[in-house]
file input.csv (CSV, C-alpha atoms)
chain,number,residue,atom,x,y,z
A,1,MET,CA,-37.0,-26.7,-1.4
A,2,SER,CA,-34.9,-28.5,-4.0
A,3,ASN,CA,-33.9,-25.2,-5.5
A,4,ILE,CA,-32.5,-24.0,-2.1
A,5,ILE,CA,-30.5,-27.2,-1.7
A,6,ILE,CA,-29.1,-26.9,-5.3
A,7,HIS,CA,-28.2,-23.3,-4.6
A,8,SER,CA,-26.5,-24.2,-1.3
A,9,MET,CA,-24.5,-27.0,-2.9
A,10,ARG,CA,-23.4,-24.8,-5.8
A,11,THR,CA,-22.2,-22.2,-3.3
A,12,ILE,CA,-20.3,-24.7,-1.3
A,13,LEU,CA,-18.7,-26.2,-4.4
A,14,GLN,CA,-17.7,-22.7,-5.7
A,15,SER,CA,-16.1,-21.9,-2.3
A,16,ILE,CA,-13.9,-25.0,-2.2
A,17,PRO,CA,-11.1,-23.5,-4.4
A,18,VAL,CA,-11.0,-20.5,-2.1
A,19,PHE,CA,-10.6,-22.7,1.0
A,20,LEU,CA,-7.9,-24.7,-0.7
A,21,LYS,CA,-5.9,-21.8,-2.1
A,22,GLY,CA,-6.3,-19.7,1.0
A,23,SER,CA,-5.2,-22.6,3.2
A,24,CYS,CA,-2.2,-23.3,1.0
A,25,TYR,CA,-1.1,-19.6,1.2
A,26,ALA,CA,-1.6,-19.6,5.0
A,27,ILE,CA,0.6,-22.6,5.5
A,28,ARG,CA,3.3,-21.0,3.3
A,29,THR,CA,3.1,-17.8,5.4
A,30,LEU,CA,3.4,-19.8,8.6
A,31,CYS,CA,6.5,-21.6,7.3
A,32,ALA,CA,8.1,-18.3,6.2
A,33,GLY,CA,8.6,-17.2,9.8
A,34,ARG,CA,7.8,-14.0,11.6
A,35,ARG,CA,4.8,-12.0,10.6
A,36,ASP,CA,2.6,-9.3,12.1
A,37,LYS,CA,-0.3,-10.9,14.0
A,38,PHE,CA,-2.1,-7.6,14.4
A,39,THR,CA,-2.4,-7.9,18.2
A,40,GLU,CA,-1.7,-4.2,18.7
A,41,LYS,CA,-4.4,-1.7,18.0
A,42,SER,CA,-4.1,2.1,17.7
A,43,GLU,CA,-7.2,4.1,18.5
A,44,LYS,CA,-6.1,7.2,16.6
A,45,ASP,CA,-7.2,8.3,13.2
A,46,VAL,CA,-4.6,7.9,10.5
A,47,LEU,CA,-3.6,10.0,7.5
A,48,PHE,CA,-2.2,7.8,4.8
A,49,CYS,CA,0.2,9.7,2.5
A,50,GLY,CA,0.6,8.3,-1.0
A,51,ASN,CA,3.0,9.6,-3.8
A,52,GLY,CA,0.4,11.5,-5.8
A,53,PRO,CA,0.4,15.3,-6.3
A,54,SER,CA,-2.7,15.7,-4.2
A,55,LEU,CA,-0.5,15.2,-1.1
A,56,SER,CA,0.8,18.8,-1.6
A,57,HIS,CA,-2.6,20.1,-0.6
A,58,ILE,CA,-2.3,18.6,2.9
A,59,ASP,CA,-0.7,20.3,5.9
A,60,LEU,CA,0.9,17.2,7.4
A,61,LYS,CA,2.2,19.1,10.4
A,62,LYS,CA,-1.2,20.3,11.3
A,63,ALA,CA,-2.7,16.8,11.0
A,64,ARG,CA,0.0,15.5,13.3
A,65,ASP,CA,-0.5,18.3,15.8
A,66,LYS,CA,-4.2,17.4,15.8
A,67,GLY,CA,-3.3,13.9,17.0
A,68,MET,CA,-3.5,11.9,13.8
A,69,GLU,CA,-1.0,9.2,13.1
A,70,ILE,CA,0.9,9.7,9.8
A,71,ALA,CA,1.7,6.8,7.4
A,72,CYS,CA,3.9,7.4,4.4
A,73,VAL,CA,5.4,5.3,1.6
A,74,ASN,CA,8.5,4.6,-0.5
A,75,PHE,CA,10.7,7.7,-0.9
A,76,PHE,CA,8.8,10.0,1.4
A,77,PRO,CA,11.7,10.2,3.8
A,78,ALA,CA,14.1,11.2,0.9
A,79,ASN,CA,11.8,13.6,-1.0
A,80,ASN,CA,9.6,15.3,1.5
A,81,GLY,CA,11.3,18.1,3.4
A,82,ASP,CA,8.8,17.7,6.3
A,83,PHE,CA,9.8,14.2,7.1
A,84,PHE,CA,11.8,15.1,10.2
A,85,GLU,CA,9.2,17.6,11.4
A,86,VAL,CA,6.2,15.3,10.7
A,87,ARG,CA,7.9,12.3,12.3
A,88,PRO,CA,5.5,9.7,10.8
A,89,GLN,CA,4.6,6.5,12.7
A,90,TYR,CA,4.5,4.2,9.7
A,91,LEU,CA,6.5,3.8,6.5
A,92,PHE,CA,5.5,1.2,3.8
A,93,LEU,CA,8.3,-0.3,1.7
A,94,MET,CA,6.7,-3.2,-0.2
A,95,ASP,CA,8.7,-3.3,-3.4
A,96,ALA,CA,11.6,-5.6,-3.6
A,97,ASP,CA,13.8,-2.9,-5.2
A,98,PHE,CA,14.1,-1.2,-1.8
A,99,PHE,CA,16.1,-4.1,-0.4
A,100,LYS,CA,18.6,-4.4,-3.2
A,101,TYR,CA,20.5,-1.3,-2.0
A,102,ARG,CA,24.1,-1.6,-1.0
A,103,GLU,CA,26.1,1.3,0.4
A,104,ASN,CA,29.3,0.8,-1.7
A,105,GLU,CA,28.1,1.1,-5.3
A,106,PRO,CA,31.1,1.7,-7.7
A,107,GLU,CA,29.2,3.8,-10.3
A,108,PRO,CA,26.0,5.1,-8.7
A,109,ASP,CA,23.3,6.4,-11.0
A,110,ASP,CA,20.4,8.7,-10.2
A,111,GLY,CA,18.2,5.9,-9.1
A,112,TYR,CA,20.8,4.6,-6.7
A,113,LEU,CA,21.4,8.0,-5.2
A,114,GLN,CA,17.6,8.2,-4.5
A,115,PHE,CA,17.9,5.0,-2.4
A,116,ARG,CA,21.1,6.3,-0.7
A,117,LYS,CA,19.2,9.5,0.4
A,118,LEU,CA,16.3,7.4,1.6
A,119,TYR,CA,18.5,5.2,3.8
A,120,ASP,CA,20.8,8.0,4.9
A,121,ASN,CA,17.7,9.8,6.3
A,122,LEU,CA,16.3,6.6,7.9
A,123,LYS,CA,19.6,6.3,9.8
A,124,LYS,CA,18.9,9.7,11.3
A,125,VAL,CA,15.4,8.8,12.6
A,126,ASP,CA,15.3,9.4,16.4
A,127,TRP,CA,11.6,8.6,17.1
A,128,PRO,CA,9.7,5.3,17.0
A,129,LEU,CA,9.1,4.5,13.3
A,130,GLU,CA,7.5,1.2,12.1
A,131,ILE,CA,8.6,0.1,8.6
A,132,ILE,CA,6.2,-2.4,7.0
A,133,VAL,CA,7.8,-4.8,4.6
A,134,ARG,CA,7.0,-8.2,3.1
A,135,GLN,CA,8.1,-11.4,4.7
A,136,GLY,CA,11.8,-12.1,3.9
A,137,ASP,CA,12.8,-8.5,3.2
A,138,ARG,CA,15.6,-7.0,5.3
A,139,LEU,CA,16.5,-3.4,5.7
A,140,PRO,CA,20.1,-2.7,4.7
A,141,ILE,CA,20.6,-0.4,7.7
A,142,GLU,CA,20.3,-0.6,11.5
A,143,ASN,CA,18.6,1.9,13.7
A,144,SER,CA,17.3,1.1,17.2
A,145,PHE,CA,14.4,3.5,16.7
A,146,ILE,CA,13.1,1.6,13.7
A,147,ARG,CA,10.9,-1.5,14.1
A,148,VAL,CA,10.5,-3.7,11.0
A,149,THR,CA,7.2,-5.4,10.6
A,150,PRO,CA,6.8,-8.2,8.0
A,151,LEU,CA,3.5,-9.0,6.3
A,152,SER,CA,2.6,-12.2,4.4
A,153,ARG,CA,3.9,-12.3,0.8
A,154,TYR,CA,0.8,-14.0,-0.4
A,155,SER,CA,-2.1,-11.9,-1.9
A,156,PHE,CA,-5.5,-13.4,-2.3
A,157,TYR,CA,-9.1,-12.1,-2.6
A,158,SER,CA,-12.4,-13.4,-3.8
A,159,ASP,CA,-16.2,-12.8,-3.5
A,160,ARG,CA,-16.5,-16.3,-2.1
A,161,ALA,CA,-15.9,-17.6,1.5
A,162,THR,CA,-15.4,-14.0,2.8
A,163,ARG,CA,-15.6,-15.0,6.4
A,164,PHE,CA,-12.8,-17.5,5.9
A,165,LEU,CA,-10.8,-14.9,4.0
A,166,ASP,CA,-11.4,-12.3,6.7
A,167,PHE,CA,-10.0,-14.7,9.3
A,168,LEU,CA,-6.9,-15.1,7.2
A,169,TYR,CA,-6.6,-11.3,6.8
A,170,ARG,CA,-7.1,-10.5,10.5
A,171,HIS,CA,-4.2,-12.9,11.3
A,172,ASP,CA,-1.9,-11.9,8.5
A,173,LEU,CA,-2.0,-15.4,7.0
A,174,VAL,CA,-2.6,-13.8,3.6
A,175,ILE,CA,-2.9,-10.1,2.5
A,176,LEU,CA,-5.6,-8.8,0.3
A,177,GLY,CA,-3.2,-7.3,-2.2
A,178,ALA,CA,-0.1,-5.3,-2.9
A,179,GLN,CA,-0.3,-4.4,-6.6
A,180,ASN,CA,0.2,-0.8,-5.3
A,181,VAL,CA,1.8,0.2,-2.0
A,182,ALA,CA,-1.4,2.0,-1.1
A,183,ILE,CA,-3.3,-1.2,-1.1
A,184,GLY,CA,-0.9,-3.0,1.2
A,185,GLY,CA,-0.8,0.1,3.4
A,186,LEU,CA,-4.6,0.3,3.7
A,187,PHE,CA,-4.8,-3.4,4.4
A,188,PHE,CA,-2.2,-3.0,7.3
A,189,LEU,CA,-4.0,0.0,8.7
A,190,LEU,CA,-7.4,-1.7,8.7
A,191,ASN,CA,-5.9,-4.4,10.8
A,192,ARG,CA,-3.7,-2.4,13.1
A,193,THR,CA,-5.8,0.7,13.8
A,194,LYS,CA,-9.4,1.4,15.0
A,195,GLY,CA,-9.8,5.0,13.9
A,196,THR,CA,-10.9,6.6,10.7
A,197,ILE,CA,-8.4,6.3,7.8
A,198,TYR,CA,-7.9,9.3,5.5
A,199,MET,CA,-5.8,9.0,2.4
A,200,SER,CA,-4.2,11.7,0.3
A,201,GLY,CA,-1.8,11.4,-2.6
A,202,VAL,CA,-3.6,8.3,-3.8
A,203,ASP,CA,-4.5,9.8,-7.1
A,204,MET,CA,-4.0,6.7,-9.3
A,205,THR,CA,-4.1,8.6,-12.5
A,206,GLU,CA,-0.7,7.8,-13.8
A,207,TYR,CA,-2.0,5.2,-16.3
A,208,LYS,CA,-3.2,8.2,-18.3
A,209,ASN,CA,0.4,9.2,-18.8
A,210,LEU,CA,1.5,6.1,-20.6
A,211,VAL,CA,3.1,7.1,-23.9
A,212,VAL,CA,4.0,4.8,-26.8
A,213,ASP,CA,6.6,6.4,-29.1
A,214,GLU,CA,7.3,6.0,-32.8
A,215,ASP,CA,9.5,3.0,-32.1
A,216,ASN,CA,6.8,1.3,-30.0
A,217,ASN,CA,8.7,2.0,-26.7
A,218,VAL,CA,6.3,2.6,-23.8
A,219,PHE,CA,7.2,5.3,-21.3
A,220,MET,CA,5.5,6.4,-18.1
A,221,VAL,CA,5.5,10.2,-17.4
A,222,THR,CA,4.7,10.4,-13.7
A,223,LYS,CA,3.9,13.5,-11.7
A,224,HIS,CA,4.7,13.1,-8.0
A,225,ASN,CA,4.4,15.8,-5.3
A,226,TYR,CA,8.2,16.2,-5.6
A,227,GLY,CA,8.5,16.5,-9.4
A,228,THR,CA,8.0,14.8,-12.8
A,229,LEU,CA,9.8,11.6,-14.0
A,230,LYS,CA,9.9,10.0,-17.4
A,231,ARG,CA,10.7,6.3,-17.1
A,232,PRO,CA,10.9,3.5,-19.7
A,233,THR,CA,8.8,0.4,-19.0
A,234,ASN,CA,11.1,-2.1,-20.7
A,235,HIS,CA,11.9,-3.6,-17.3
A,236,VAL,CA,8.2,-4.6,-17.0
A,237,ILE,CA,7.1,-5.4,-20.5
A,238,GLN,CA,8.6,-6.1,-23.9
A,239,LYS,CA,7.5,-4.5,-27.2
A,240,GLY,CA,4.0,-5.7,-28.1
A,241,GLU,CA,3.0,-6.3,-24.5
A,242,PHE,CA,1.3,-3.0,-23.8
A,243,TYR,CA,-1.8,-5.0,-22.8
A,244,LYS,CA,0.1,-6.5,-19.9
A,245,LEU,CA,0.9,-3.1,-18.5
A,246,LEU,CA,-2.8,-2.1,-18.7
A,247,GLY,CA,-3.6,-5.4,-16.9
A,248,TYR,CA,-1.5,-4.4,-13.9
A,249,TYR,CA,-3.6,-1.3,-13.5
A,250,GLN,CA,-6.8,-3.3,-13.9
A,251,ARG,CA,-5.5,-5.5,-11.0
A,252,MET,CA,-4.7,-2.5,-8.9
A,253,PHE,CA,-8.2,-1.0,-9.2
A,254,GLU,CA,-9.7,-4.5,-8.6
A,255,GLN,CA,-7.7,-4.7,-5.3
A,256,PHE,CA,-8.9,-1.3,-4.2
A,257,TYR,CA,-12.5,-2.6,-4.7
A,258,TYR,CA,-11.8,-5.6,-2.5
A,259,ILE,CA,-10.1,-3.4,0.1
A,260,GLY,CA,-13.4,-1.4,0.2
A,261,GLN,CA,-15.4,-4.6,0.6
A,262,TYR,CA,-13.1,-5.7,3.5
A,263,ALA,CA,-13.4,-2.3,5.2
A,264,GLY,CA,-17.2,-2.4,4.8
A,265,ARG,CA,-17.4,-5.9,6.4
A,266,ALA,CA,-15.3,-4.6,9.3
A,267,ASP,CA,-17.4,-1.5,9.7
A,268,ARG,CA,-14.4,0.8,9.0
A,269,LYS,CA,-14.3,4.1,7.3
A,270,ILE,CA,-11.8,5.1,4.6
A,271,PHE,CA,-12.1,8.6,3.1
A,272,ASN,CA,-10.2,9.9,0.0
A,273,LEU,CA,-9.0,13.4,0.3
A,274,ALA,CA,-7.9,13.4,-3.4
A,275,LEU,CA,-11.0,14.7,-5.1
A,276,GLU,CA,-9.5,14.1,-8.6
A,277,SER,CA,-8.4,10.5,-7.7
A,278,ASP,CA,-9.5,7.8,-10.1
A,279,VAL,CA,-10.1,5.4,-7.1
A,280,ASP,CA,-13.9,5.3,-7.0
A,281,VAL,CA,-14.3,3.0,-4.0
A,282,PHE,CA,-14.0,5.4,-1.1
A,283,GLU,CA,-16.1,8.4,-0.3
A,284,LYS,CA,-14.3,11.6,-1.2
A,285,VAL,CA,-14.1,14.5,1.3
A,286,THR,CA,-12.3,17.8,1.2
A,287,VAL,CA,-9.5,18.9,3.4
A,288,LYS,CA,-12.0,21.2,5.2
A,289,ASP,CA,-14.0,18.1,6.1
A,290,LEU,CA,-10.8,16.5,7.6
A,291,GLN,CA,-10.1,19.6,9.6
A,292,ALA,CA,-13.7,19.7,10.8
A,293,ASP,CA,-13.4,16.1,12.0
A,294,GLU,CA,-10.2,16.9,13.8
A,295,THR,CA,-11.6,19.7,15.9
call {"tool": "encode", "arguments": {"input": "input.csv", "output": "structure tokens"}}
result
Amino acid sequence: MSNIIIHSMRTILQSIPVFLKGSCYAIRTLCAGRRDKFTEKSEKDVLFCGNGPSLSHIDLKKARDKGMEIACVNFFPANNGDFFEVRPQYLFLMDADFFKYRENEPEPDDGYLQFRKLYDNLKKVDWPLEIIVRQGDRLPIENSFIRVTPLSRYSFYSDRATRFLDFLYRHDLVILGAQNVAIGGLFFLLNRTKGTIYMSGVDMTEYKNLVVDEDNNVFMVTKHNYGTLKRPTNHVIQKGEFYKLLGYYQRMFEQFYYIGQYAGRADRKIFNLALESDVDVFEKVTVKDLQADET
């Protein structure tokens, strides 16, 4: 009997930091203003479209015609020629860089032109599109067809006090994570939809393309479904800090794990259509399986 009491006391003591930190974040979220309270629920299945090359294997128009909702991320409206035919329901913009855009840039570079194309296309949207951002972020354009939905800026997850954390998640008082836009997107969809979630383009293999050159500069060579980019990482790390960059990827895979745990507690299904994806949390199925489920 004494062992049971000791175990219970230890569990309570270990959970106290979770309650304190979670409560602190929840108060900050409430003070930050408007947030999505997840009162709406869609009954449809959702196809979540990431940036990875595996997205090119999916017929998005066919998925839409079968009644699935389409969720996309980042520069999808600028780089995917099917954007105006697919007419997705959700777009996730959860990186602060998307909200630094200004129309009148005196000397635009290639990166700026990418943002311009994104927002020029968003101005043309003539169907209901919900854009999910973090609290405090504001779109630099106006369009009456676009609804902007803010999520809490505070990420928190733990193996302790999961009922308490699930309460915070369900009310958008904290989010589970946003190390990658796919994690924030899946978190949103778990709370705002009731159907099965399929994801494609969530390959998460880019860490394999980190390159350190002869001068100890670190580059990322990234293959997207719209092309290949070689980008320096000196805006993220300094020389000698390669370990930090690897730590970001560790945190990303950790958050995918906790998304899987949250989905399991909610009895929700997430399937990964990218068979070569390094995300090992969700059951992988083929495109044929998706089409079979749609019929």
call {"tool": "closest_residue", "arguments": {"input": "input.csv", "among": "A:Ile197, A:Leu210, A:Val281, A:Val125", "to": "A:Ile70", "atoms": "only C-alpha atoms"}}
result
A:Ile197
call {"tool": "closest_atom_pairs", "arguments": {"input": "input.csv", "of": "stretch 158-206 of chain A", "to": "stretch 282-287 of chain A", "cutoff": "12 Å", "atoms": "all atoms listed in the file", "output": "CSV"}}
result
residue,atom,partner,partner_atom,distance
A:Leu186,CA,A:Phe282,CA,11.7
A:Ile197,CA,A:Phe282,CA,10.6
A:Tyr198,CA,A:Val285,CA,9.1
A:Met199,CA,A:Lys284,CA,9.6
A:Ser200,CA,A:Val287,CA,9.5
A:Val202,CA,A:Phe282,CA,11.1
A:Asp203,CA,A:Lys284,CA,11.6
call {"tool": "atom_distance", "arguments": {"input": "input.csv", "atom1": "atom CA of A:Ala32", "atom2": "atom CA of A:Ser158"}}
result
23.3 Å
call {"tool": "residues_near_point", "arguments": {"input": "input.csv", "point": "(-9.6, 0.5, 19.7)", "cutoff": "12 Å", "atoms": "all atoms listed in the file", "output": "list of chain:residue names"}}
result
A:Thr39, A:Glu40, A:Lys41, A:Ser42, A:Glu43, A:Lys44, A:Asp45, A:Leu190, A:Asn191, A:Arg192, A:Thr193, A:Lys194, A:Gly195, A:Thr196, A:Arg268
call {"tool": "atom_distance", "arguments": {"input": "input.csv", "atom1": "atom CA of A:Phe84", "atom2": "atom CA of A:Glu142"}}
result
17.9 Å
call {"tool": "atom_distance", "arguments": {"input": "input.csv", "atom1": "atom CA of A:Ile237", "atom2": "atom CA of A:Val212"}}
result
12.4 Å
call {"tool": "residues_around", "arguments": {"input": "input.csv", "residues": "A:Asp36", "least_positions_apart": "6", "cutoff": "10 Å", "atoms": "only C-alpha atoms", "output": "PyMOL selection string"}}
result
chain A and resi 132+135+148-152+170-173+188+191-192
call {"tool": "closest_residue", "arguments": {"input": "input.csv", "among": "A:Ala63, A:Leu91, A:Leu176, A:Ala96", "to": "A:Leu122", "atoms": "all atoms listed in the file"}}
result
A:Leu91
call {"tool": "residues_around", "arguments": {"input": "input.csv", "residues": "A:Ile183", "least_positions_apart": "5", "cutoff": "9 Å", "atoms": "only C-alpha atoms", "output": "PyMOL selection string"}}
result
chain A and resi 176-178+188+252+255-256+259
call {"tool": "closest_residue", "arguments": {"input": "input.csv", "among": "A:Thr162, A:Ser54, A:Thr233, A:Asn80", "to": "A:Val18", "atoms": "all atoms listed in the file"}}
result
A:Thr162
call {"tool": "closest_residue", "arguments": {"input": "input.csv", "among": "A:Val211, A:Leu168, A:Val181, A:Met220", "to": "A:Lys37", "atoms": "all atoms listed in the file"}}
result
A:Leu168
call {"tool": "residues_near_point", "arguments": {"input": "input.csv", "point": "(12.4, -1.1, 18.9)", "cutoff": "9 Å", "atoms": "only C-alpha atoms", "output": "PyMOL selection string"}}
result
chain A and resi 128-130+143-148
call {"tool": "closest_residue", "arguments": {"input": "input.csv", "among": "A:Lys208, A:Arg153, A:Arg87, A:His57", "to": "A:Leu273", "atoms": "only C-alpha atoms"}}
result
A:His57
call {"tool": "residues_around", "arguments": {"input": "input.csv", "residues": "A:Gly111", "least_positions_apart": "3", "cutoff": "12 Å", "atoms": "only C-alpha atoms", "output": "ChimeraX atom specification"}}
result
/A:75,97-98,100-101,105,107-108,114-118,229,231
call {"tool": "closest_residue", "arguments": {"input": "input.csv", "among": "A:Asp95, A:Gly52, A:Asn121, A:Gly264", "to": "A:Asp82", "atoms": "all atoms listed in the file"}}
result
A:Asn121
call {"tool": "residues_around", "arguments": {"input": "input.csv", "residues": "A:Asp65", "least_positions_apart": "4", "cutoff": "9 Å", "atoms": "all atoms listed in the file", "output": "VMD selection string"}}
result
chain A and resid 60 to 61 86
